[in-house]
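Participant: Structure file entry02.cif, mmCIF, C-alpha atoms, is pasted below:
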data_model
loop_
_atom_site.label_atom_id
_atom_site.label_comp_id
_atom_site.auth_asym_id
_atom_site.auth_seq_id
_atom_site.Cartn_x
_atom_site.Cartn_y
_atom_site.Cartn_z
CA MET O 20 -70.80 21.01 35.85
CA PRO O 21 -68.56 18.51 34.00
CA SER O 22 -66.18 16.53 36.20
CA PHE O 23 -62.61 17.77 35.88
CA PRO O 24 -59.62 15.78 37.19
CA HIS O 25 -57.11 18.19 38.69
CA PRO O 26 -53.44 17.93 37.72
CA GLY O 27 -51.72 15.29 39.82
CA SER O 28 -54.85 13.18 40.20
CA VAL O 29 -55.79 10.04 38.27
CA SER O 30 -59.22 8.95 37.11
CA ILE O 31 -60.76 5.72 38.47
CA CYS O 32 -64.31 5.30 37.16
CA GLU O 33 -67.69 6.93 36.59
CA ILE O 34 -70.57 6.52 39.00
CA ASN O 35 -73.80 8.22 37.95
CA ARG O 36 -72.19 10.96 35.82
CA ASP O 37 -69.50 11.65 38.44
CA LEU O 38 -65.97 10.77 37.32
CA ILE O 39 -64.14 9.58 40.44
CA THR O 40 -60.46 10.48 40.90
CA ALA O 41 -57.70 9.51 43.34
CA GLU O 42 -54.18 10.66 44.18
CA SER O 43 -52.60 7.56 42.64
CA LEU O 44 -53.37 4.24 40.96
CA SER O 45 -54.40 1.67 43.56
CA ASP O 46 -56.36 -1.58 43.59
CA ASP O 47 -57.63 -0.59 47.04
CA VAL O 48 -59.18 2.59 45.64
CA ALA O 49 -60.72 0.57 42.82
CA LYS O 50 -62.17 -1.92 45.33
CA ASP O 51 -63.70 0.90 47.37
CA THR O 52 -65.31 2.55 44.35
CA TYR O 53 -66.41 0.26 41.53
CA GLY O 54 -65.02 -3.04 42.89
CA LYS O 55 -67.83 -3.52 45.39
CA ILE O 56 -70.36 -2.89 42.60
CA LEU O 57 -68.86 -5.05 39.85
CA GLY O 58 -67.29 -7.69 42.06
CA MET O 59 -63.92 -7.40 40.32
CA VAL O 60 -61.01 -4.99 39.90
CA PHE O 61 -59.15 -4.22 36.68
CA SER O 62 -55.54 -3.65 37.68
CA PRO O 63 -53.40 -1.38 35.47
CA VAL O 64 -51.18 -3.15 32.95
CA PRO O 65 -47.69 -1.61 32.69
CA PHE O 66 -45.71 -1.84 29.48
CA GLN O 67 -42.36 -0.55 28.29
CA SER O 68 -42.03 -0.22 24.56
CA ASP O 69 -38.27 0.37 24.84
CA GLN O 70 -37.74 -3.05 26.45
CA LEU O 71 -39.23 -5.26 23.80
CA VAL O 72 -39.01 -9.01 23.61
CA ARG O 73 -36.98 -9.99 20.57
CA PRO O 74 -39.23 -11.93 18.18
CA PRO O 75 -38.20 -15.58 17.83
CA SER O 76 -36.63 -16.57 14.53
CA PRO O 77 -38.66 -18.72 12.16
CA GLU O 78 -37.77 -22.38 11.96
CA GLN O 79 -37.16 -22.01 8.25
CA ASP O 80 -36.75 -19.14 5.79
CA ASP O 81 -38.84 -20.60 3.01
CA GLN O 82 -42.12 -18.91 3.89
CA GLN O 83 -45.03 -20.21 1.90
CA VAL O 84 -48.05 -18.08 2.71
CA ALA O 85 -51.63 -17.70 1.57
CA THR O 86 -52.18 -16.40 -1.96
CA THR O 87 -54.77 -13.87 -2.99
CA ALA O 88 -57.47 -15.43 -5.15
CA PRO O 89 -61.28 -15.34 -5.43
CA THR O 90 -63.60 -18.07 -4.19
CA LYS O 91 -67.28 -18.76 -4.69
CA GLY O 92 -70.08 -16.95 -2.89
CA LEU O 93 -69.24 -13.59 -1.35
CA LEU O 94 -65.76 -13.45 -2.85
CA GLN O 95 -67.11 -14.31 -6.31
CA THR O 96 -69.47 -11.33 -6.02
CA LEU O 97 -66.58 -9.16 -4.95
CA GLN O 98 -64.45 -10.36 -7.88
CA GLY O 99 -67.16 -9.13 -10.21
CA ILE O 100 -66.89 -5.70 -8.62
CA LEU O 101 -63.12 -5.82 -9.04
CA ASN O 102 -63.45 -6.56 -12.75
CA ARG O 103 -65.70 -3.52 -13.18
CA SER O 104 -63.36 -1.20 -11.28
CA LEU O 105 -60.93 1.22 -12.88
CA THR O 106 -57.23 0.88 -12.16
CA PRO O 107 -55.87 4.13 -10.67
CA LEU O 108 -53.00 5.92 -12.37
CA PHE O 109 -50.95 6.13 -9.18
CA HIS O 110 -50.77 4.87 -5.61
CA PRO O 111 -50.27 7.87 -3.30
CA ASN O 112 -48.24 7.25 -0.18
CA HIS O 113 -49.97 8.59 2.92
CA VAL O 114 -47.48 7.43 5.53
CA ASN O 115 -47.10 10.98 6.86
CA LEU O 116 -50.85 11.12 7.57
CA LEU O 117 -51.00 7.70 9.24
CA PRO O 118 -50.29 8.99 12.79
CA GLU O 119 -53.41 11.15 12.46
CA VAL O 120 -55.65 8.11 12.07
CA ASP O 121 -57.36 6.40 15.01
CA LEU O 122 -55.51 3.13 14.51
CA GLN O 123 -57.09 0.35 16.53
CA GLY O 124 -54.26 -0.38 18.92
CA VAL O 125 -56.57 -1.87 21.57
CA SER O 126 -59.17 -4.63 21.25
CA TRP O 127 -61.42 -6.28 23.84
CA HIS O 128 -62.40 -9.90 23.40
CA GLN O 129 -66.08 -10.03 22.51
CA HIS O 130 -67.18 -12.35 25.32
CA LYS O 131 -64.40 -12.38 27.92
CA HIS O 132 -62.50 -9.93 30.10
CA ILE O 133 -59.44 -10.22 27.86
CA ILE O 134 -57.69 -7.24 26.31
CA ALA O 135 -55.06 -7.15 23.56
CA PHE O 136 -53.00 -4.06 22.84
CA ILE O 137 -49.96 -3.01 20.82
CA SER O 138 -47.06 -2.70 23.27
CA GLY O 139 -44.26 -1.97 20.82
CA PRO O 140 -43.40 -1.81 17.12
CA ASN O 141 -43.30 -5.59 16.77
CA GLN O 142 -45.21 -7.02 19.70
CA VAL O 143 -48.67 -7.38 21.25
CA ILE O 144 -49.65 -7.99 24.88
CA VAL O 145 -52.73 -10.04 25.83
CA ARG O 146 -54.07 -9.58 29.38
CA ASP O 147 -56.73 -11.87 30.86
CA PHE O 148 -58.34 -10.08 33.81
CA GLU O 149 -60.10 -13.28 34.86
CA ASP O 150 -56.70 -14.93 35.37
CA SER O 151 -55.15 -12.28 37.61
CA GLY O 152 -52.40 -14.55 38.95
CA LYS O 153 -50.83 -15.02 35.53
CA GLU O 154 -48.45 -12.71 33.73
CA PRO O 155 -49.69 -11.07 30.51
CA CYS O 156 -48.91 -12.99 27.34
CA ILE O 157 -46.52 -11.45 24.79
CA LEU O 158 -47.11 -12.20 21.11
CA ALA O 159 -43.98 -11.85 18.99
CA ASN O 160 -42.81 -13.50 15.79
CA GLU O 161 -40.38 -12.77 12.97
CA SER O 162 -43.34 -12.23 10.62
CA GLN O 163 -44.96 -9.69 12.96
CA ARG O 164 -43.20 -6.42 12.09
CA GLU O 165 -44.42 -2.82 12.34
CA VAL O 166 -47.73 -3.65 14.00
CA LYS O 167 -50.42 -1.04 13.30
CA VAL O 168 -53.84 -2.43 14.31
CA LEU O 169 -55.38 -5.55 15.87
CA GLU O 170 -58.83 -7.03 16.39
CA TRP O 171 -60.26 -10.16 18.02
CA ARG O 172 -62.19 -12.49 15.75
CA PRO O 173 -65.93 -12.55 16.57
CA ASN O 174 -67.31 -16.00 17.35
CA GLY O 175 -63.87 -17.46 16.76
CA GLY O 176 -62.83 -18.51 20.26
CA ARG O 177 -59.59 -16.79 21.20
CA GLN O 178 -58.29 -15.77 17.79
CA LEU O 179 -56.58 -12.42 17.26
CA SER O 180 -55.71 -10.72 13.96
CA VAL O 181 -52.66 -8.41 13.94
CA ALA O 182 -51.94 -6.11 11.00
CA CYS O 183 -48.27 -5.70 10.20
CA ASN O 184 -45.79 -5.08 7.42
CA GLY O 185 -46.47 -7.52 4.61
CA GLY O 186 -49.67 -9.10 5.88
CA ILE O 187 -51.82 -10.21 8.81
CA CYS O 188 -50.79 -12.51 11.65
CA ILE O 189 -53.59 -14.75 12.99
CA TRP O 190 -52.95 -15.94 16.57
CA ALA O 191 -55.03 -18.57 18.39
CA ALA O 192 -55.01 -19.72 22.01
CA SER O 193 -53.46 -23.09 22.81
CA PHE O 194 -54.66 -24.95 25.90
CA PRO O 195 -53.12 -28.00 27.63
CA GLY O 196 -54.01 -31.02 25.56
CA SER O 197 -55.61 -28.87 22.87
CA ALA O 198 -53.06 -27.00 20.80
CA ALA O 199 -54.28 -24.54 18.19
CA SER O 200 -53.93 -25.96 14.69
CA VAL O 201 -52.12 -24.19 11.87
CA ARG O 202 -54.25 -23.75 8.74
CA SER O 203 -53.66 -26.46 6.17
CA GLY O 204 -51.33 -25.13 3.50
CA ALA O 205 -49.83 -22.45 5.68
CA SER O 206 -46.10 -22.36 6.26
CA SER O 207 -44.75 -24.70 8.92
CA PHE O 208 -42.90 -21.91 10.72
CA LEU O 209 -46.21 -20.48 11.90
CA GLY O 210 -46.49 -22.62 15.00
CA THR O 211 -44.32 -20.29 17.11
CA LEU O 212 -45.61 -20.03 20.66
CA SER O 213 -46.04 -16.78 22.56
CA ARG O 214 -44.33 -15.97 25.85
CA GLY O 215 -45.98 -15.54 29.24
CA SER O 216 -47.33 -17.54 32.16
CA GLY O 217 -50.98 -17.45 31.09
CA VAL O 218 -52.72 -19.10 28.15
CA ARG O 219 -50.28 -19.71 25.30
CA TYR O 220 -50.93 -18.44 21.80
CA THR O 221 -49.85 -19.97 18.50
CA LEU O 222 -49.37 -18.15 15.22
CA VAL O 223 -51.72 -20.24 13.07
CA ASP O 224 -51.75 -18.25 9.84
CA PHE O 225 -50.14 -15.37 7.97
CA LEU O 226 -52.24 -13.71 5.26
CA ARG O 227 -49.84 -12.13 2.78
CA SER O 228 -50.88 -8.67 1.60
CA HIS O 229 -50.88 -7.68 -2.06
CA ASN O 230 -47.36 -6.60 -3.07
CA GLY O 231 -46.25 -7.00 0.54
CA GLU O 232 -47.99 -3.79 1.62
CA GLN O 233 -48.08 -2.55 5.19
CA ILE O 234 -51.55 -3.39 6.54
CA SER O 235 -52.95 -0.44 8.50
CA ALA O 236 -56.72 -1.16 8.65
CA LEU O 237 -58.64 -4.26 9.79
CA SER O 238 -62.29 -5.12 10.36
CA TRP O 239 -64.00 -8.49 10.95
CA SER O 240 -67.47 -9.29 9.72
CA PRO O 241 -69.73 -9.82 12.76
CA ASP O 242 -70.03 -13.56 12.09
CA GLY O 243 -66.23 -13.89 12.09
CA ARG O 244 -66.00 -15.52 8.66
CA TYR O 245 -64.56 -12.62 6.68
CA LEU O 246 -61.76 -10.19 7.48
CA ALA O 247 -61.34 -6.88 5.64
CA SER O 248 -57.86 -5.38 5.40
CA GLY O 249 -56.44 -2.22 3.85
CA SER O 250 -53.30 -0.14 3.57
CA TYR O 251 -52.38 3.53 3.41
CA GLU O 252 -50.17 2.48 0.47
CA SER O 253 -53.06 1.25 -1.67
CA SER O 254 -56.46 2.40 -2.94
CA SER O 255 -57.90 -1.12 -2.68
CA PHE O 256 -58.95 -3.19 0.31
CA THR O 257 -59.14 -6.97 0.56
CA ILE O 258 -61.93 -9.24 1.83
CA TRP O 259 -60.44 -12.48 3.18
CA ASP O 260 -62.17 -15.82 3.64
CA VAL O 261 -59.92 -16.62 6.58
CA ALA O 262 -60.71 -20.34 6.81
CA GLN O 263 -59.34 -20.80 3.30
CA GLY O 264 -56.66 -18.11 3.50
CA LEU O 265 -58.02 -16.52 0.31
CA GLY O 266 -58.85 -12.91 -0.38
CA THR O 267 -60.21 -10.60 -3.06
CA PRO O 268 -59.03 -6.99 -3.54
CA ILE O 269 -61.72 -4.35 -4.08
CA ARG O 270 -60.97 -0.88 -5.41
CA ARG O 271 -62.90 2.39 -5.37
CA GLY O 272 -61.25 5.76 -5.98
CA LEU O 273 -57.58 6.72 -5.80
CA GLY O 274 -56.61 7.58 -2.23
CA GLY O 275 -54.95 5.21 0.21
CA ILE O 276 -57.19 3.49 2.79
CA SER O 277 -57.50 5.24 6.17
CA MET O 278 -60.33 3.28 7.80
CA LEU O 279 -62.46 0.13 7.42
CA LYS O 280 -65.50 -0.68 9.59
CA TRP O 281 -68.00 -3.53 9.22
CA SER O 282 -71.42 -2.75 10.71
CA PRO O 283 -72.56 -4.78 13.77
CA THR O 284 -75.31 -6.49 11.76
CA GLY O 285 -73.07 -7.17 8.75
CA ASP O 286 -75.46 -5.42 6.34
CA TYR O 287 -73.15 -2.48 5.70
CA PHE O 288 -69.45 -1.83 5.30
CA PHE O 289 -67.62 1.50 5.59
CA SER O 290 -64.36 2.40 3.88
CA ALA O 291 -62.54 5.74 3.98
CA LYS O 292 -59.55 7.21 2.14
CA PHE O 293 -56.94 9.85 2.86
CA ASP O 294 -58.17 12.08 0.02
CA GLY O 295 -61.35 12.85 2.00
CA THR O 296 -63.64 10.43 0.17
CA PHE O 297 -65.45 7.60 1.91
CA TYR O 298 -67.82 4.86 0.80
CA LEU O 299 -70.87 3.11 2.17
CA TRP O 300 -71.29 -0.45 0.93
CA GLU O 301 -74.22 -2.80 1.29
CA THR O 302 -72.91 -6.33 1.59
CA ASN O 303 -75.72 -8.15 -0.20
CA THR O 304 -74.50 -7.27 -3.70
CA TRP O 305 -71.52 -5.13 -2.63
CA THR O 306 -72.82 -1.95 -4.18
CA SER O 307 -71.36 1.30 -2.87
CA GLU O 308 -72.17 5.00 -2.71
CA PRO O 309 -69.34 7.57 -2.60
CA TRP O 310 -69.22 10.50 -0.18
CA SER O 311 -66.79 13.37 0.27
CA SER O 312 -65.85 15.68 3.12
CA THR O 313 -64.74 19.31 3.32
CA SER O 314 -63.41 18.71 6.86
CA GLY O 315 -60.45 16.55 5.87
CA PHE O 316 -60.29 12.77 5.81
CA VAL O 317 -62.06 10.36 8.16
CA LYS O 318 -59.71 9.61 11.07
CA GLY O 319 -62.18 7.82 13.34
CA ALA O 320 -65.42 5.88 12.84
CA SER O 321 -67.78 3.95 15.10
CA TRP O 322 -71.11 2.24 14.34
CA ASP O 323 -74.06 2.44 16.68
CA PRO O 324 -75.11 -0.92 18.24
CA ASP O 325 -77.99 -1.44 15.79
CA GLY O 326 -75.95 -0.67 12.66
CA HIS O 327 -78.40 2.09 11.67
CA MET O 328 -75.88 4.95 11.83
CA ILE O 329 -72.15 5.55 11.94
CA LEU O 330 -70.32 8.30 13.80
CA LEU O 331 -67.31 9.91 12.09
CA ALA O 332 -64.40 12.11 13.20
CA PHE O 333 -62.59 14.25 10.63
CA SER O 334 -59.01 15.45 10.48
CA LYS O 335 -59.81 19.16 10.29
CA SER O 336 -62.79 19.61 12.59
CA SER O 337 -63.95 19.35 16.19
CA THR O 338 -67.48 18.61 14.92
CA LEU O 339 -68.34 14.95 14.35
CA GLY O 340 -70.59 13.66 11.58
CA SER O 341 -73.28 10.99 11.77
CA ILE O 342 -74.60 9.08 8.78
CA HIS O 343 -78.21 7.94 9.24
CA PHE O 344 -79.78 5.37 6.94
CA ALA O 345 -83.22 6.45 5.79
CA SER O 346 -84.52 2.92 5.19
CA LYS O 347 -83.69 -0.72 5.85
CA PRO O 348 -80.84 -2.70 4.24
CA PRO O 349 -79.79 -3.04 1.50
CA SER O 350 -80.82 0.57 0.83
CA LEU O 351 -77.93 3.07 0.70
CA ASP O 352 -80.21 6.07 1.06
CA ALA O 353 -78.57 7.98 3.92
CA HIS O 354 -77.96 11.47 5.31
CA LEU O 355 -74.84 13.04 6.84
CA LEU O 356 -75.60 15.28 9.83
CA PRO O 357 -73.28 17.23 12.17
CA VAL O 358 -72.83 16.21 15.80
CA GLU O 359 -71.65 19.22 17.76
CA LEU O 360 -69.20 18.89 20.66
CA PRO O 361 -68.96 22.57 21.56
CA GLU O 362 -67.02 21.98 24.79
CA ILE O 363 -64.03 20.64 22.86
CA MET O 364 -63.39 24.12 21.53
CA SER O 365 -64.80 26.31 24.32
CA LEU O 366 -63.24 24.48 27.27
CA THR O 367 -60.10 22.94 25.85
CA ASN O 368 -59.37 25.45 23.06
CA SER O 369 -58.72 22.52 20.71
CA GLN O 370 -59.69 22.80 17.07
CA THR O 371 -59.85 19.11 16.17
CA THR O 372 -60.80 15.77 17.69
CA GLU O 373 -58.20 13.02 17.65
CA LYS O 374 -59.76 9.64 18.51
CA ILE O 375 -63.30 8.47 19.26
CA ALA O 376 -64.85 5.34 20.77
CA TRP O 377 -68.58 4.67 21.14
CA ASP O 378 -69.70 1.99 23.56
CA ALA O 379 -71.98 -0.84 22.46
CA SER O 380 -74.97 0.47 24.42
CA GLY O 381 -74.73 3.72 22.47
CA GLU O 382 -74.82 5.72 25.72
CA ARG O 383 -71.18 6.72 26.23
CA LEU O 384 -68.74 8.36 23.84
CA ALA O 385 -65.02 8.85 24.53
CA VAL O 386 -63.20 11.60 22.62
CA SER O 387 -59.57 12.70 22.64
CA PHE O 388 -58.47 15.93 21.04
CA LYS O 389 -55.34 17.56 19.66
CA ASP O 390 -53.34 20.26 21.42
CA GLY O 391 -55.53 22.72 23.33
CA ASP O 392 -54.84 24.49 26.62
CA GLU O 393 -52.19 22.95 28.85
CA LEU O 394 -54.72 22.30 31.62
CA TYR O 395 -56.79 20.00 29.37
CA ARG O 396 -54.02 18.55 27.21
CA GLY O 397 -53.93 14.74 27.18
CA LEU O 398 -57.41 14.27 28.72
CA ILE O 399 -60.25 12.14 27.32
CA ALA O 400 -63.71 13.71 27.22
CA ILE O 401 -66.63 11.44 28.20
CA TYR O 402 -70.07 12.22 26.74
CA ASP O 403 -73.56 11.00 27.51
CA VAL O 404 -75.17 10.17 24.15
CA ARG O 405 -78.80 10.10 23.08
CA ARG O 406 -80.02 8.69 19.74
CA THR O 407 -83.72 9.61 19.63
CA PRO O 408 -84.07 10.29 16.81
CA LEU O 409 -80.79 12.07 16.07
CA ILE O 410 -77.48 11.85 17.92
CA SER O 411 -76.91 14.41 20.66
CA ALA O 412 -74.10 14.45 23.21
CA SER O 413 -73.70 16.14 26.59
CA LEU O 414 -70.34 16.36 28.35
CA ILE O 415 -69.99 14.40 31.61
CA GLY O 416 -66.35 15.20 32.27
CA PHE O 417 -62.76 14.22 31.57
CA ILE O 418 -60.47 11.27 32.29
CA ARG O 419 -56.83 11.83 33.25
CA GLY O 420 -54.22 9.09 32.96
CA PRO O 421 -51.35 8.21 35.32
CA GLY O 422 -47.73 9.35 35.15
CA ASP O 423 -46.06 12.43 33.72
CA ASN O 424 -47.90 14.26 30.95
CA PRO O 425 -49.96 11.21 29.91
CA LYS O 426 -51.54 11.20 26.48
CA PRO O 427 -53.97 8.54 25.21
CA LEU O 428 -52.29 6.38 22.58
CA ALA O 429 -55.30 4.15 21.97
CA PHE O 430 -58.61 3.31 23.68
CA SER O 431 -61.58 1.04 23.17
CA PHE O 432 -64.86 -0.02 24.82
CA HIS O 433 -65.74 -3.61 25.73
CA ASP O 434 -68.64 -4.42 23.38
CA LYS O 435 -70.37 -7.04 25.55
CA PHE O 436 -69.65 -6.06 29.17
CA LYS O 437 -73.06 -6.55 30.78
CA GLN O 438 -72.61 -4.11 33.66
CA GLY O 439 -72.06 -0.98 31.61
CA PRO O 440 -69.42 0.64 29.40
CA LEU O 441 -65.87 -0.49 30.11
CA LEU O 442 -63.18 1.77 28.64
CA PHE O 443 -59.57 0.61 28.26
CA VAL O 444 -56.90 3.25 27.58
CA CYS O 445 -53.20 2.88 26.78
CA TRP O 446 -51.34 5.96 28.01
CA SER O 447 -48.01 7.34 26.79
CA SER O 448 -46.75 7.14 30.38
CA GLY O 449 -46.51 3.33 30.09
CA PHE O 450 -49.75 2.22 31.74
CA CYS O 451 -52.91 0.74 30.27
CA CYS O 452 -55.92 1.38 32.53
CA THR O 453 -59.53 0.22 32.61
CA TYR O 454 -62.33 2.64 33.50
CA PRO O 455 -65.80 1.24 34.33
CA LEU O 456 -68.53 3.78 33.53
CA ILE O 457 -71.37 2.84 35.89
CA PHE O 458 -74.72 4.56 35.63
CA ARG O 459 -77.45 1.96 35.26
CA SER O 460 -79.80 1.77 38.23
CA HIS O 461 -79.89 -2.06 38.22
CA VAL O 462 -76.09 -2.18 38.63
CA LEU O 463 -75.82 0.28 41.50
CA PRO O 464 -76.62 -0.90 45.05
#
Turn this file's structure into structure tokens for me.
Facilitator:
Amino acid sequence: MPSFPHPGSVSICEINRDLITAESLSDDVAKDTYGKILGMVFSPVPFQSDQLVRPPSPEQDDQQVATTAPTKGLLQTLQGILNRSLTPLFHPNHVNLLPEVDLQGVSWHQHKHIIAFISGPNQVIVRDFEDSGKEPCILANESQREVKVLEWRPNGGRQLSVACNGGICIWAASFPGSAASVRSGASSFLGTLSRGSGVRYTLVDFLRSHNGEQISALSWSPDGRYLASGSYESSSFTIWDVAQGLGTPIRRGLGGISMLKWSPTGDYFFSAKFDGTFYLWETNTWTSEPWSSTSGFVKGASWDPDGHMILLAFSKSSTLGSIHFASKPPSLDAHLLPVELPEIMSLTNSQTTEKIAWDASGERLAVSFKDGDELYRGLIAIYDVRRTPLISASLIGFIRGPGDNPKPLAFSFHDKFKQGPLLFVCWSSGFCCTYPLIFRSHVLP
């Protein structure tokens, strides 16, 4: 039977398909369960979005920021695509649909036990679990307004991209004797330091969006050189060469962007729109194939670790979809197959999934869902996933957050945690909690 956390209890971790609960959040409980296995404890991180730090004012108002222009290589190829594209007749505004999208409000650092999450409309908190004696670091700046998504830069040290109104803030860690450098040509006001007792962060760049649009989608290429950004206000997305601060807009279709996802190998790129269309791109020549859905627009997407398939959640269905590539890159020959999660409807009485996260091993899937019976409302379903040859999922149980009527605001898996899936969840009750999912025999004593 699936593990069910009774009302009043809080979830702690998984051990061999058993989701452990306790009466309250406690480091002692964590030590007695997963702490003795992993050798560390992930304490909850409280946050209060109604007590925000006021962003510091810029040192000057004359803000010279990066311009949007093509460069050689990848961006030159993309510019050719742009020149062949048709200009849409209108730019639909999908702001009312934006809350439905699985915005990436949580991001694990690729190689360290560091988490960044959106803690308010204009601020981000960075928590380093390896530096437990230090207070979390708060990132705030006058340029960082209406934060929607964030993502750590792969292979870029401690650099974090934050999507906001008008562009993208790029933060970098500053260490004693080694301050992060602002990109040459960027505005001088960018060197504003973060607040907190841990590692300090400097705003080293601000990538200005086309027409000052609200950025609501981000995705780094796996090598960390290029950053894709998009907006619900626009039908185009931009590929940035971040080192140069230059980007190229790419357009397909008419609907505003709902989702962007670079594959783990970099061979493919996924873009989705609010009108229900989505596109698979191969990044060698940046050719794309259009797809459409009868189950609403794509509100969640996650690649498998090998980049051979992508799992999708739709706005009007409790059934997921998986796109399988029939041959190796750069082929775009692919098939869309359903992935049934029958328990979402039969147990919870919910008609639609809300958010999904797939861990980097491909063995655990976290799913939240809309509405449903009061007993299950606000829980996260955890599935055991198999990929041979097609995706199948079996329910392990549910995770319940702390506090009164907690609902998951955002969650994400650590991509490179060696001891198993590590799920971080920000709850509406004001706590962000980490849940180790332990099931490998070589990890258990």
Participant: Expressed in Å to a single decimal, how great is the separation between CA of Ile418 in chain O and CA of Asn115 in chain O?
Facilitator: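 It comes out at 28.7 Å.
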Participant: Apply the PyMOL selection byres ((chain O and resi 261) around 7) to the displayed file and report the matching residues as a count of residues only.
Facilitator: 9
Participant: Could you check which of O:Ser290, O:Asn184, O:Thr284, O:Ser350 is closest to Gly272 in chain O, using only C-alpha atoms?
Facilitator: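 Under the stated criterion, the closest residue is O:Ser290.
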Participant: With the file shown as input, list the residues that the PyMOL selection byres ((chain O and resi 230) around 10) selects, as a list in words.
Facilitator: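 Taken over the shown coordinates, the PyMOL selection byres ((chain O and resi 230) around 10) returns Gly185, Gly186, Arg227, Ser228, His229, Gly231, Glu232, Gln233 and Ser253 of chain O.
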Participant: Going by the chain IDs and residue numbers used in this file, which residues fall under the PyMOL selection byres ((chain O and resi 20) around 8)? Write them as a list in words.
Facilitator: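 Selected by the PyMOL selection byres ((chain O and resi 20) around 8) here: Pro21, Ser22 and Ile415 of chain O.
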Participant: Which neighbours of range 446-455 of chain O fall inside 9 Å, counting only C-alpha atoms, when residues of the same chain fewer than 3 positions from it are skipped, and could you give them as a ChimeraX atom specification?
Facilitator: /O:30-34,53,57,61-68,136,418,420-430,438-443
Participant: Convert the current residue selection to file output with C-alpha atoms, as a PDB file, in the frame of the given file.
Facilitator:
ATOM      1  CA  SER O  30     -59.220   8.950  37.110  1.00  0.00           C
ATOM      2  CA  ILE O  31     -60.760   5.720  38.470  1.00  0.00           C
ATOM      3  CA  CYS O  32     -64.310   5.300  37.160  1.00  0.00           C
ATOM      4  CA  GLU O  33     -67.690   6.930  36.590  1.00  0.00           C
ATOM      5  CA  ILE O  34     -70.570   6.520  39.000  1.00  0.00           C
ATOM      6  CA  TYR O  53     -66.410   0.260  41.530  1.00  0.00           C
ATOM      7  CA  LEU O  57     -68.860  -5.050  39.850  1.00  0.00           C
ATOM      8  CA  PHE O  61     -59.150  -4.220  36.680  1.00  0.00           C
ATOM      9  CA  SER O  62     -55.540  -3.650  37.680  1.00  0.00           C
ATOM     10  CA  PRO O  63     -53.400  -1.380  35.470  1.00  0.00           C
ATOM     11  CA  VAL O  64     -51.180  -3.150  32.950  1.00  0.00           C
ATOM     12  CA  PRO O  65     -47.690  -1.610  32.690  1.00  0.00           C
ATOM     13  CA  PHE O  66     -45.710  -1.840  29.480  1.00  0.00           C
ATOM     14  CA  GLN O  67     -42.360  -0.550  28.290  1.00  0.00           C
ATOM     15  CA  SER O  68     -42.030  -0.220  24.560  1.00  0.00           C
ATOM     16  CA  PHE O 136     -53.000  -4.060  22.840  1.00  0.00           C
ATOM     17  CA  ILE O 418     -60.470  11.270  32.290  1.00  0.00           C
ATOM     18  CA  GLY O 420     -54.220   9.090  32.960  1.00  0.00           C
ATOM     19  CA  PRO O 421     -51.350   8.210  35.320  1.00  0.00           C
ATOM     20  CA  GLY O 422     -47.730   9.350  35.150  1.00  0.00           C
ATOM     21  CA  ASP O 423     -46.060  12.430  33.720  1.00  0.00           C
ATOM     22  CA  ASN O 424     -47.900  14.260  30.950  1.00  0.00           C
ATOM     23  CA  PRO O 425     -49.960  11.210  29.910  1.00  0.00           C
ATOM     24  CA  LYS O 426     -51.540  11.200  26.480  1.00  0.00           C
ATOM     25  CA  PRO O 427     -53.970   8.540  25.210  1.00  0.00           C
ATOM     26  CA  LEU O 428     -52.290   6.380  22.580  1.00  0.00           C
ATOM     27  CA  ALA O 429     -55.300   4.150  21.970  1.00  0.00           C
ATOM     28  CA  PHE O 430     -58.610   3.310  23.680  1.00  0.00           C
ATOM     29  CA  GLN O 438     -72.610  -4.110  33.660  1.00  0.00           C
ATOM     30  CA  GLY O 439     -72.060  -0.980  31.610  1.00  0.00           C
ATOM     31  CA  PRO O 440     -69.420   0.640  29.400  1.00  0.00           C
ATOM     32  CA  LEU O 441     -65.870  -0.490  30.110  1.00  0.00           C
ATOM     33  CA  LEU O 442     -63.180   1.770  28.640  1.00  0.00           C
ATOM     34  CA  PHE O 443     -59.570   0.610  28.260  1.00  0.00           C
TER      35      PHE O 443
END
Participant: Out of O:Gly152, O:Gly266, O:Gly381, O:Gly124, which residue has the shortest atom-to-atom distance to Lys167 in chain O when counting all atoms listed in the file?
Facilitator: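 So, comparing all the options, the nearest one is O:Gly124.
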Participant: As a PyMOL selection string, please: the residues near Glu308 in chain O (cut-off 8 Å, all atoms listed in the file, same-chain neighbours under 3 positions excluded).
Facilitator: chain O and resi 298-300+351
